file query-v5.cif (mmCIF, C-alpha atoms and all ligand atoms)
data_data
loop_
_atom_site.label_atom_id
_atom_site.label_comp_id
_atom_site.auth_asym_id
_atom_site.auth_seq_id
_atom_site.Cartn_x
_atom_site.Cartn_y
_atom_site.Cartn_z
CA MET A 1 104.43 42.37 97.33
CA TYR A 2 103.40 45.92 96.60
CA LYS A 3 105.77 48.43 95.14
CA ILE A 4 105.93 52.13 95.81
CA ASN A 5 106.19 54.96 93.30
CA ASP A 6 109.98 55.10 93.21
CA ASN A 7 109.92 58.57 91.76
CA TYR A 8 109.21 59.88 95.25
CA GLN A 9 112.57 58.44 96.35
CA LYS A 10 114.30 60.67 93.82
CA LEU A 11 113.00 63.88 95.40
CA PRO A 12 115.66 65.75 97.32
CA GLY A 13 114.47 66.87 100.77
CA SER A 14 112.51 70.07 100.90
CA TYR A 15 114.80 71.85 103.32
CA LEU A 16 114.17 75.50 102.59
CA PHE A 17 111.43 76.49 105.02
CA SER A 18 112.31 73.80 107.58
CA THR A 19 115.93 75.00 107.70
CA ILE A 20 114.73 78.58 108.04
CA GLY A 21 112.42 77.50 110.88
CA LYS A 22 115.22 75.65 112.67
CA LYS A 23 117.66 78.54 112.37
CA VAL A 24 115.09 81.06 113.59
CA ASN A 25 114.07 78.85 116.54
CA ALA A 26 117.69 78.32 117.56
CA TYR A 27 118.38 82.05 117.36
CA SER A 28 115.24 82.92 119.37
CA ALA A 29 116.09 80.36 122.05
CA ALA A 30 119.58 81.83 122.43
CA ASN A 31 118.32 85.44 122.25
CA PRO A 32 114.88 85.52 123.88
CA ASP A 33 114.92 89.34 124.22
CA LYS A 34 115.22 89.96 120.44
CA LYS A 35 112.11 90.81 118.46
CA ILE A 36 112.28 88.96 115.17
CA ILE A 37 110.52 90.38 112.10
CA ARG A 38 109.45 87.77 109.57
CA LEU A 39 109.52 88.80 105.93
CA GLY A 40 110.15 85.29 104.66
CA ILE A 41 107.16 83.12 103.88
CA GLY A 42 104.69 84.36 101.25
CA ASP A 43 101.62 84.21 103.46
CA VAL A 44 99.22 87.12 103.85
CA THR A 45 98.62 88.80 107.22
CA GLN A 46 95.64 91.12 106.70
CA PRO A 47 92.22 89.76 107.78
CA LEU A 48 89.54 88.86 105.23
CA ALA A 49 87.73 91.90 103.86
CA PRO A 50 84.30 92.72 105.40
CA ALA A 51 82.39 91.97 102.16
CA ILE A 52 83.88 88.47 102.16
CA ILE A 53 83.13 87.82 105.82
CA GLU A 54 79.56 88.99 105.26
CA ALA A 55 79.11 86.61 102.32
CA MET A 56 80.55 83.74 104.34
CA HIS A 57 78.24 84.41 107.29
CA LYS A 58 75.28 84.44 104.97
CA ALA A 59 76.35 81.18 103.34
CA VAL A 60 76.89 79.55 106.75
CA ASP A 61 73.32 80.47 107.70
CA GLU A 62 72.06 79.01 104.41
CA MET A 63 73.81 75.73 105.22
CA GLY A 64 71.85 75.55 108.49
CA CYS A 65 68.47 75.62 106.79
CA ALA A 66 66.97 72.69 104.83
CA GLU A 67 65.62 74.96 102.05
CA THR A 68 68.98 76.60 101.35
CA PHE A 69 71.38 73.81 102.34
CA HIS A 70 73.99 72.80 99.73
CA GLY A 71 75.65 69.41 99.44
CA TYR A 72 78.21 68.46 96.81
CA ALA A 73 79.04 71.36 94.52
CA PRO A 74 78.79 71.00 90.72
CA ASP A 75 82.00 69.44 89.31
CA LEU A 76 83.31 72.60 87.69
CA GLY A 77 82.12 74.99 90.43
CA TYR A 78 78.91 76.98 91.00
CA ASP A 79 77.67 79.06 88.08
CA PHE A 80 77.45 82.18 90.25
CA LEU A 81 81.21 82.07 90.81
CA ARG A 82 82.24 80.95 87.34
CA ASN A 83 80.10 83.66 85.75
CA ALA A 84 81.58 86.31 88.06
CA ILE A 85 85.09 85.12 87.13
CA VAL A 86 84.34 85.24 83.41
CA LYS A 87 82.79 88.69 83.60
CA ASN A 88 85.42 90.33 85.79
CA ASP A 89 88.67 88.52 85.10
CA TYR A 90 88.18 87.92 81.36
CA GLN A 91 85.39 89.77 79.56
CA ALA A 92 86.30 93.05 81.30
CA ARG A 93 89.80 92.63 79.83
CA GLY A 94 88.61 91.73 76.38
CA CYS A 95 89.49 88.04 76.79
CA ASP A 96 87.30 85.51 75.09
CA ILE A 97 86.78 82.97 77.90
CA THR A 98 83.49 81.26 78.74
CA ALA A 99 82.20 79.71 81.97
CA ASP A 100 82.62 76.15 80.70
CA GLU A 101 86.34 76.82 80.41
CA ILE A 102 86.65 77.67 84.13
CA PHE A 103 87.34 74.92 86.68
CA VAL A 104 86.94 76.06 90.29
CA SER A 105 89.41 74.42 92.70
CA ASP A 106 90.87 74.68 96.18
CA GLY A 107 93.84 76.74 95.04
CA ALA A 108 96.71 77.12 92.63
CA LYS A 109 99.11 74.87 94.50
CA SER A 110 96.96 71.80 93.86
CA ASP A 111 96.19 72.84 90.30
CA SER A 112 99.83 73.55 89.46
CA GLY A 113 100.80 70.20 90.93
CA ASN A 114 97.95 68.23 89.35
CA ILE A 115 97.79 69.67 85.84
CA GLN A 116 100.80 67.62 84.65
CA GLU A 117 98.67 64.47 85.04
CA ILE A 118 96.91 65.02 81.72
CA PHE A 119 100.22 65.07 79.83
CA ALA A 120 102.39 62.16 78.66
CA GLU A 121 105.26 60.97 80.82
CA ASN A 122 107.86 61.66 78.16
CA ASN A 123 107.04 65.35 77.72
CA ARG A 124 109.97 67.69 78.34
CA ILE A 125 109.18 70.46 80.78
CA ALA A 126 110.83 73.88 80.82
CA VAL A 127 110.93 75.96 83.99
CA CYS A 128 112.41 79.25 85.03
CA ASP A 129 115.33 79.09 87.45
CA PRO A 130 114.69 80.21 90.22
CA VAL A 131 111.19 78.71 90.36
CA TYR A 132 108.15 77.98 92.55
CA PRO A 133 109.19 74.41 93.53
CA VAL A 134 105.79 72.72 92.95
CA TYR A 135 106.17 72.69 89.16
CA VAL A 136 109.34 70.62 89.23
CA ASP A 137 108.52 68.40 92.22
CA SER A 138 105.12 67.35 90.84
CA ASN A 139 106.84 66.33 87.59
CA VAL A 140 109.47 64.42 89.56
CA MET A 141 106.67 62.46 91.24
CA ALA A 142 105.28 61.66 87.80
CA GLY A 143 108.65 60.38 86.55
CA ARG A 144 109.15 63.10 83.97
CA THR A 145 112.42 64.68 85.11
CA GLY A 146 115.20 62.08 84.77
CA THR A 147 117.94 61.98 87.38
CA TYR A 148 118.95 64.56 89.95
CA ASP A 149 122.47 65.88 90.20
CA PRO A 150 123.01 67.15 93.75
CA LYS A 151 126.08 69.11 92.63
CA THR A 152 124.28 71.23 90.07
CA GLU A 153 120.89 70.84 91.83
CA MET A 154 119.38 70.11 88.42
CA TRP A 155 117.36 67.29 86.83
CA SER A 156 118.73 65.71 83.68
CA ASP A 157 115.47 65.92 81.71
CA VAL A 158 114.29 69.36 82.79
CA ILE A 159 114.99 72.37 80.62
CA TYR A 160 116.04 75.25 82.84
CA MET A 161 115.62 78.86 81.81
CA PRO A 162 117.91 80.92 84.05
CA CYS A 163 116.47 84.25 85.22
CA THR A 164 119.20 86.47 86.59
CA MET A 165 120.26 90.10 86.70
CA GLU A 166 121.98 89.57 83.33
CA ASN A 167 118.68 88.97 81.52
CA ASN A 168 116.54 91.16 83.78
CA PHE A 169 114.96 87.96 85.19
CA VAL A 170 113.18 87.42 81.88
CA PRO A 171 113.39 83.83 80.60
CA GLU A 172 114.78 83.31 77.12
CA PHE A 173 113.50 80.73 74.64
CA PRO A 174 115.38 77.54 75.51
CA LYS A 175 117.86 75.94 73.10
CA GLU A 176 116.11 72.57 73.38
CA THR A 177 112.45 72.51 72.43
CA PRO A 178 110.14 71.94 75.41
CA ASP A 179 106.69 70.33 75.35
CA MET A 180 105.39 72.02 78.48
CA ILE A 181 106.48 75.49 79.59
CA TYR A 182 105.78 76.73 83.11
CA LEU A 183 105.59 80.51 83.41
CA CYS A 184 104.73 82.33 86.63
CA LEU A 185 104.09 86.03 86.02
CA PRO A 186 104.34 88.24 88.00
CA ASN A 187 107.02 85.97 89.32
CA ASN A 188 107.54 84.27 92.62
CA PRO A 189 110.31 84.53 93.79
CA THR A 190 111.91 87.32 91.71
CA GLY A 191 108.93 89.70 91.82
CA THR A 192 109.60 90.67 88.21
CA THR A 193 107.36 90.33 85.20
CA ILE A 194 107.34 90.77 81.44
CA THR A 195 105.47 93.08 79.11
CA ARG A 196 102.38 92.06 77.16
CA ALA A 197 104.51 92.09 73.99
CA GLN A 198 107.07 89.75 75.57
CA LEU A 199 104.27 87.44 76.71
CA GLN A 200 102.87 87.50 73.17
CA SER A 201 106.24 86.25 71.91
CA TRP A 202 105.98 83.27 74.33
CA VAL A 203 102.50 82.49 73.01
CA ASP A 204 103.76 82.70 69.43
CA TYR A 205 106.74 80.48 70.33
CA ALA A 206 104.52 77.86 72.03
CA ASN A 207 102.15 77.76 69.07
CA LYS A 208 105.09 77.45 66.69
CA VAL A 209 106.84 74.57 68.49
CA GLY A 210 103.64 72.84 69.63
CA ALA A 211 104.20 73.38 73.35
CA VAL A 212 101.63 74.07 76.04
CA ILE A 213 102.17 76.96 78.47
CA ILE A 214 101.09 76.44 82.07
CA TYR A 215 100.62 80.05 83.09
CA ASP A 216 100.51 80.71 86.84
CA ALA A 217 98.92 84.12 87.40
CA ALA A 218 98.61 83.85 91.20
CA TYR A 219 100.02 87.38 91.63
CA GLU A 220 98.02 89.07 88.88
CA ALA A 221 96.28 91.46 91.32
CA TYR A 222 99.62 93.12 92.07
CA ILE A 223 100.23 94.32 88.52
CA SER A 224 100.54 98.10 88.49
CA GLU A 225 102.03 98.77 85.06
CA GLU A 226 99.86 99.31 82.01
CA ASN A 227 101.91 97.24 79.56
CA VAL A 228 101.71 94.04 81.65
CA ALA A 229 99.03 91.48 80.80
CA HIS A 230 96.67 90.39 83.58
CA SER A 231 95.86 87.18 81.73
CA ILE A 232 97.70 85.22 79.06
CA TYR A 233 94.45 85.26 77.07
CA GLU A 234 95.10 88.95 76.38
CA CYS A 235 97.60 87.56 73.86
CA GLU A 236 96.47 86.47 70.43
CA GLY A 237 96.65 82.72 69.96
CA ALA A 238 96.77 81.85 73.68
CA ARG A 239 93.56 79.84 73.41
CA THR A 240 95.38 77.19 71.39
CA CYS A 241 98.44 76.88 73.65
CA ALA A 242 97.81 78.04 77.23
CA ILE A 243 96.28 76.89 80.49
CA GLU A 244 95.96 79.61 83.13
CA LEU A 245 96.03 79.03 86.90
CA LYS A 246 94.53 81.56 89.31
CA SER A 247 94.37 81.80 93.07
CA PHE A 248 92.27 83.77 95.55
CA SER A 249 95.11 83.58 98.09
CA LYS A 250 97.09 86.69 97.34
CA ASN A 251 94.43 89.04 95.93
CA ALA A 252 91.84 88.29 98.62
CA GLY A 253 93.72 86.70 101.54
CA PHE A 254 92.30 83.18 101.01
CA THR A 255 95.51 81.32 101.95
CA GLY A 256 93.62 79.67 104.80
CA VAL A 257 90.20 79.68 103.11
CA ARG A 258 91.33 77.89 99.92
CA LEU A 259 89.98 78.79 96.49
CA GLY A 260 91.40 78.99 93.00
CA TYR A 261 90.55 78.13 89.42
CA THR A 262 92.08 76.85 86.22
CA VAL A 263 91.19 77.94 82.70
CA VAL A 264 91.42 75.34 79.94
CA PRO A 265 90.17 76.79 76.63
CA LYS A 266 88.16 74.53 74.37
CA GLU A 267 90.48 75.26 71.46
CA LEU A 268 93.38 73.69 73.33
CA LYS A 269 93.67 70.36 71.56
CA CYS A 270 96.36 67.75 71.07
CA GLY A 271 95.82 65.62 67.96
CA GLY A 272 92.12 66.43 68.10
CA VAL A 273 91.79 65.53 71.80
CA SER A 274 90.32 68.32 73.93
CA LEU A 275 92.34 69.18 77.04
CA ASN A 276 89.24 70.88 78.41
CA ALA A 277 87.40 67.55 78.29
CA MET A 278 90.38 65.75 79.82
CA TRP A 279 90.67 68.21 82.70
CA ALA A 280 86.89 68.03 83.24
CA ARG A 281 87.19 64.25 83.50
CA ARG A 282 90.11 64.48 85.89
CA HIS A 283 88.45 67.20 88.00
CA GLY A 284 85.18 65.27 88.19
CA THR A 285 86.95 62.06 89.18
CA LYS A 286 89.48 63.32 91.72
CA PHE A 287 88.00 66.50 93.19
CA ASN A 288 84.70 67.01 94.93
CA GLY A 289 84.42 70.76 94.73
CA ALA A 290 85.39 73.79 96.79
CA PRO A 291 82.93 74.34 99.67
CA TYR A 292 79.74 76.31 98.95
CA ILE A 293 80.62 78.79 101.71
CA VAL A 294 84.02 79.41 100.15
CA GLN A 295 82.62 79.79 96.63
CA ARG A 296 80.16 82.39 97.97
CA ALA A 297 83.14 84.13 99.57
CA GLY A 298 84.84 84.02 96.17
CA GLU A 299 81.79 85.58 94.54
CA ALA A 300 82.01 88.47 97.04
CA VAL A 301 85.53 89.21 95.78
CA TYR A 302 83.81 90.48 92.61
CA SER A 303 81.11 92.56 94.33
CA ASP A 304 81.53 96.35 94.26
CA ALA A 305 82.29 96.45 97.99
CA GLY A 306 84.64 93.46 97.71
CA LYS A 307 86.53 95.01 94.82
CA ALA A 308 86.98 98.32 96.66
CA GLN A 309 88.12 96.64 99.88
CA LEU A 310 90.55 94.33 98.12
CA LYS A 311 92.01 97.17 96.11
CA GLU A 312 92.90 98.75 99.44
CA GLN A 313 94.35 95.50 100.75
CA VAL A 314 96.58 95.05 97.72
CA ALA A 315 97.59 98.73 97.99
CA TYR A 316 98.51 98.15 101.64
CA TYR A 317 100.91 95.35 100.70
CA MET A 318 102.27 97.31 97.77
CA LYS A 319 103.02 100.24 100.08
CA ASN A 320 105.11 97.76 102.06
CA ALA A 321 106.77 96.63 98.84
CA ALA A 322 107.68 100.22 97.93
CA THR A 323 108.95 100.82 101.46
CA ILE A 324 111.23 97.79 101.26
CA LYS A 325 112.39 98.51 97.74
CA ASP A 326 113.17 102.21 98.32
CA GLY A 327 114.66 101.59 101.76
CA LEU A 328 116.98 98.88 100.47
CA ALA A 329 118.02 100.98 97.48
CA LYS A 330 118.85 103.88 99.83
CA ALA A 331 120.90 101.51 101.94
CA GLY A 332 122.92 100.65 98.82
CA TYR A 333 121.38 97.32 97.88
CA THR A 334 120.62 96.26 94.31
CA VAL A 335 116.89 95.50 94.29
CA PHE A 336 114.35 94.05 91.87
CA GLY A 337 110.64 93.32 91.86
CA GLY A 338 108.18 95.05 94.19
CA VAL A 339 106.42 97.00 91.39
CA ASN A 340 104.06 94.37 89.98
CA ALA A 341 104.46 91.79 92.76
CA PRO A 342 104.57 91.62 96.56
CA TYR A 343 108.13 90.22 96.45
CA ILE A 344 111.41 92.08 96.57
CA TRP A 345 114.40 90.25 95.19
CA LEU A 346 117.79 91.60 96.12
CA LYS A 347 121.37 90.88 95.24
CA THR A 348 123.24 89.81 98.35
CA PRO A 349 125.98 92.30 99.24
CA ASP A 350 129.73 91.58 99.28
CA GLN A 351 129.49 88.32 97.33
CA MET A 352 127.69 86.65 100.24
CA THR A 353 125.86 83.43 99.44
CA SER A 354 122.10 83.48 99.95
CA TRP A 355 122.43 81.52 103.21
CA GLU A 356 125.31 83.69 104.48
CA PHE A 357 123.11 86.73 103.98
CA PHE A 358 120.22 84.95 105.70
CA ASP A 359 122.40 84.39 108.80
CA TYR A 360 123.79 87.92 108.64
CA LEU A 361 120.32 89.48 108.51
CA LEU A 362 118.96 87.24 111.26
CA GLU A 363 121.86 87.84 113.62
CA ASN A 364 122.43 91.54 113.00
CA ALA A 365 118.94 92.86 112.23
CA ASN A 366 116.73 90.05 113.56
CA ILE A 367 114.96 89.86 110.21
CA VAL A 368 113.94 86.65 108.49
CA GLY A 369 113.90 86.46 104.69
CA THR A 370 114.22 83.63 102.19
CA PRO A 371 117.53 82.62 100.59
CA GLY A 372 117.25 82.79 96.81
CA SER A 373 119.21 79.56 96.37
CA GLY A 374 116.23 77.71 97.89
CA PHE A 375 114.33 78.36 94.64
CA GLY A 376 116.98 76.94 92.33
CA PRO A 377 120.67 77.25 91.50
CA SER A 378 120.29 80.56 89.64
CA GLY A 379 118.80 82.02 92.83
CA GLU A 380 122.21 81.76 94.52
CA GLY A 381 123.47 85.20 95.50
CA TYR A 382 119.94 86.58 95.77
CA PHE A 383 117.46 86.95 98.61
CA ARG A 384 113.65 87.34 98.79
CA LEU A 385 111.73 89.63 101.13
CA THR A 386 107.94 89.70 101.13
CA ALA A 387 105.60 92.65 101.42
CA PHE A 388 102.98 90.58 103.26
CA GLY A 389 103.93 91.77 106.77
CA SER A 390 102.34 94.67 108.64
CA TYR A 391 103.37 98.19 107.63
CA GLU A 392 104.76 98.83 111.12
CA ASN A 393 106.97 95.74 110.97
CA THR A 394 108.06 96.57 107.45
CA LEU A 395 109.14 100.07 108.51
CA ALA A 396 110.91 98.73 111.57
CA ALA A 397 112.70 96.11 109.46
CA LEU A 398 113.94 98.72 107.03
CA GLU A 399 115.18 100.97 109.83
CA ARG A 400 117.19 98.04 111.13
CA ILE A 401 118.62 97.23 107.72
CA GLN A 402 119.61 100.86 107.13
CA LYS A 403 121.54 100.87 110.41
CA LEU A 404 123.62 97.82 109.47
C1 LIG A 501 103.57 81.01 92.16
C2 LIG A 501 102.57 80.46 93.12
N1 LIG A 501 101.59 79.68 92.65
C3 LIG A 501 100.69 79.14 93.47
C4 LIG A 501 100.74 79.38 94.83
C5 LIG A 501 99.75 78.72 95.72
O1 LIG A 501 98.54 79.36 95.70
P1 LIG A 501 97.30 78.76 96.49
O2 LIG A 501 97.32 79.34 97.87
O3 LIG A 501 96.11 79.19 95.68
O4 LIG A 501 97.42 77.27 96.54
C6 LIG A 501 101.73 80.19 95.36
C7 LIG A 501 101.81 80.41 96.81
O5 LIG A 501 102.70 80.93 97.39
C8 LIG A 501 102.68 80.73 94.48
O6 LIG A 501 103.67 81.50 94.93
#
call {"tool": "encode", "arguments": {"input": "query-v5.cif", "output": "structure tokens"}}
result
Amino acid sequence: MYKINDNYQKLPGSYLFSTIGKKVNAYSAANPDKKIIRLGIGDVTQPLAPAIIEAMHKAVDEMGCAETFHGYAPDLGYDFLRNAIVKNDYQARGCDITADEIFVSDGAKSDSGNIQEIFAENNRIAVCDPVYPVYVDSNVMAGRTGTYDPKTEMWSDVIYMPCTMENNFVPEFPKETPDMIYLCLPNNPTGTTITRAQLQSWVDYANKVGAVIIYDAAYEAYISEENVAHSIYECEGARTCAIELKSFSKNAGFTGVRLGYTVVPKELKCGGVSLNAMWARRHGTKFNGAPYIVQRAGEAVYSDAGKAQLKEQVAYYMKNAATIKDGLAKAGYTVFGGVNAPYIWLKTPDQMTSWEFFDYLLENANIVGTPGSGFGPSGEGYFRLTAFGSYENTLAALERIQKL
């Protein structure tokens, strides 16, 4: 008789976006005349930039011709893309990263979920609270998190690092020593980030205690402040303690195209065993490469035209972010984020819970956001709005909120 992986049975239901969907559908059905503005889910809305579309068309044509057809991609990704990544994302920033340390993938969600596989089951993980849920759930599936307490919404073996107004949403070194530390900066959901000096102290800490940092830099393109690192490898010593995850979803609108990469430096070793070699083995065994057409599209992100067009796209979303942030502040809300990230994180007014505020905003302003409590217990009393809508909808949403 076969047995299942019982760890899956431990996972609490993932109710956040399904509950939002149900509530919005019920409200729409009862109020068909109301125009709902969605500032909830972190999906982009702007079309792919022309330079990317052009590269994709060209690659499609190549696939239709025997001389230029491409089958399986190389395990780690095509050189043209990995070299462009190294040159633009690392060398240009003074980071010492080489192409054989880059692993091209289909996005940061899979990589952030899969990376835990190369670590032992009894490692202790540390996560920020609130947090992008994939980090915890993938470790639950692997049996690394102990038991779940529905009252506290916490796992017995996970080290939580609360990020709240009190600490400016900056995680503090945990009291217990972790083996694996997940950091997402700029942060989803709080939209906040830390300075290069603060990140350096995390690198120093990880090297001191012998922990590995899984650094999710999916929102790196939104950094606007000078003293914020674009890559953890800007910090001294990161090559011996950090793995970096990157995505093409938010900087280039690839949420439906699918492309990302992971950096595993060759100096990252555990008892002499190279994590780079381990991840190469895992990648080669379980992944058959991002499509050629998509990797060519990724290459176009680094062309002069691509860079210019994507700078405008990011600026478009960041104009929305500023509109939301300033508009909310004028309306008397306490707001965070929105400067180095496309997320605005606000304190719910009048002691409302995150879900009470969700209902209030839906019913009175016909706006959909995301309750902070859906990202972890320390998210209670907060609410996330995204800058990924259209400018027109963003303006309209803010006008409605200001009239409340
Ligand atoms: C922190 C974080 N990491 C990773 C992802 C997923 O990125 P991708 O689309 O590359 O899978 C998201 C998407 O919302 C995210 O917020």
call {"tool": "residues_around", "arguments": {"input": "query-v5.cif", "residues": "Pro74 (chain A)", "least_positions_apart": "6", "cutoff": "10 Å", "atoms": "all atoms listed in the file", "output": "number ranges by chain"}}
result
A: 104, 284, 288-290, 292
call {"tool": "closest_residue", "arguments": {"input": "query-v5.cif", "among": "A:Ala252, A:Ala49, A:Leu76, A:Ala142", "to": "ligand LIG 501 (chain A)", "atoms": "all atoms listed in the file"}}
result
A:Ala252
call {"tool": "closest_residue", "arguments": {"input": "query-v5.cif", "among": "A:Ala99, A:Ala229, A:Leu268, A:Ile85", "to": "Thr195 (chain A)", "atoms": "only C-alpha atoms"}}
result
A:Ala229
call {"tool": "closest_atom_pairs", "arguments": {"input": "query-v5.cif", "of": "chain A", "to": "ligand LIG 501 (chain A)", "cutoff": "8 Å", "atoms": "only C-alpha atoms and all ligand atoms", "output": "CSV"}}
result
residue,atom,partner,partner_atom,distance
A:Gly42,CA,A:LIG501,O5,5.5
A:Asp43,CA,A:LIG501,O5,7.0
A:Asp106,CA,A:LIG501,O3,6.9
A:Gly107,CA,A:LIG501,O3,3.4
A:Ala108,CA,A:LIG501,O3,3.7
A:Lys109,CA,A:LIG501,O4,3.6
A:Ser110,CA,A:LIG501,O4,6.1
A:Asp111,CA,A:LIG501,O4,7.8
A:Ser112,CA,A:LIG501,C3,6.9
A:Tyr132,CA,A:LIG501,C1,5.5
A:Cys184,CA,A:LIG501,C1,5.8
A:Leu185,CA,A:LIG501,C1,7.9
A:Asn187,CA,A:LIG501,C1,6.7
A:Asn188,CA,A:LIG501,C1,5.2
A:Pro189,CA,A:LIG501,O6,7.4
A:Asp216,CA,A:LIG501,N1,6.0
A:Ala217,CA,A:LIG501,C1,7.3
A:Ala218,CA,A:LIG501,N1,5.3
A:Tyr219,CA,A:LIG501,C1,7.3
A:Lys246,CA,A:LIG501,O3,7.0
A:Ser247,CA,A:LIG501,O3,4.1
A:Phe248,CA,A:LIG501,O3,6.0
A:Ser249,CA,A:LIG501,O2,4.8
A:Lys250,CA,A:LIG501,O2,7.4
A:Phe254,CA,A:LIG501,O2,7.1
A:Thr255,CA,A:LIG501,O2,4.9
A:Gly256,CA,A:LIG501,O2,7.9
A:Arg258,CA,A:LIG501,O2,6.5
A:Leu259,CA,A:LIG501,O3,6.2
A:Gly260,CA,A:LIG501,O3,5.4
call {"tool": "atom_distance", "arguments": {"input": "query-v5.cif", "atom1": "CA of Trp202 (chain A)", "atom2": "CA of Phe173 (chain A)"}}
result
7.9 Å
call {"tool": "residues_around", "arguments": {"input": "query-v5.cif", "residues": "region 144-149 of chain A", "least_positions_apart": "3", "cutoff": "9 Å", "atoms": "all atoms listed in the file", "output": "PyMOL selection string"}}
result
chain A and resi 10-12+120-125+136-137+139-141+152-158
call {"tool": "closest_atom_pairs", "arguments": {"input": "query-v5.cif", "of": "region 328-362 of chain A", "to": "region 16-23 of chain A", "cutoff": "10 Å", "atoms": "all atoms listed in the file", "output": "Markdown table"}}
result
| residue | atom | partner | partner_atom | distance |
| --- | --- | --- | --- | --- |
| A:Trp355 | CA | A:Ile20 | CA | 9.6 |
| A:Phe358 | CA | A:Ile20 | CA | 8.7 |
| A:Asp359 | CA | A:Lys23 | CA | 8.3 |
| A:Leu362 | CA | A:Lys23 | CA | 8.9 |
call {"tool": "residues_around", "arguments": {"input": "query-v5.cif", "residues": "Ala73 (chain A)", "least_positions_apart": "4", "cutoff": "12 Å", "atoms": "all atoms listed in the file", "output": "number ranges by chain"}}
result
A: 69, 77-81, 103-105, 284, 287-296
call {"tool": "closest_residue", "arguments": {"input": "query-v5.cif", "among": "A:Gly143, A:Gly306, A:Gly71, A:Gly271", "to": "Gln9 (chain A)", "atoms": "all atoms listed in the file"}}
result
A:Gly143
call {"tool": "closest_residue", "arguments": {"input": "query-v5.cif", "among": "A:Glu244, A:Glu356, A:Glu392, A:Asp6", "to": "Lys319 (chain A)", "atoms": "all atoms listed in the file"}}
result
A:Glu392
call {"tool": "residues_near_point", "arguments": {"input": "query-v5.cif", "point": "(103.6, 101.2, 105.2)", "cutoff": "9 Å", "atoms": "only C-alpha atoms", "output": "PyMOL selection string"}}
result
chain A and resi 316-323+390-395
call {"tool": "atom_distance", "arguments": {"input": "query-v5.cif", "atom1": "CA of Lys35 (chain A)", "atom2": "CA of Ala331 (chain A)"}}
result
21.6 Å
call {"tool": "closest_atom_pairs", "arguments": {"input": "query-v5.cif", "of": "region 87-194 of chain A", "to": "region 337-344 of chain A", "cutoff": "6 Å", "atoms": "only C-alpha atoms", "output": "JSON lines"}}
result
{"residue": "A:Pro186", "atom": "CA", "partner": "A:Ala341", "partner_atom": "CA", "distance": 5.9}
{"residue": "A:Gly191", "atom": "CA", "partner": "A:Gly337", "partner_atom": "CA", "distance": 4.0}
{"residue": "A:Thr192", "atom": "CA", "partner": "A:Gly337", "partner_atom": "CA", "distance": 4.6}
call {"tool": "write_last_selection", "arguments": {"input": "query-v5.cif", "atoms": "C-alpha atoms", "output": "compact mmCIF listing (two decimals), in the frame of the given file"}}
result
# COMPACT_ATOMS: atom_id res chain seq x y z
CA PRO A 186 104.34 88.24 88.00
CA GLY A 191 108.93 89.70 91.82
CA THR A 192 109.60 90.67 88.21
call {"tool": "atom_distance", "arguments": {"input": "query-v5.cif", "atom1": "CA of Thr240 (chain A)", "atom2": "CA of Tyr182 (chain A)"}}
result
15.7 Å
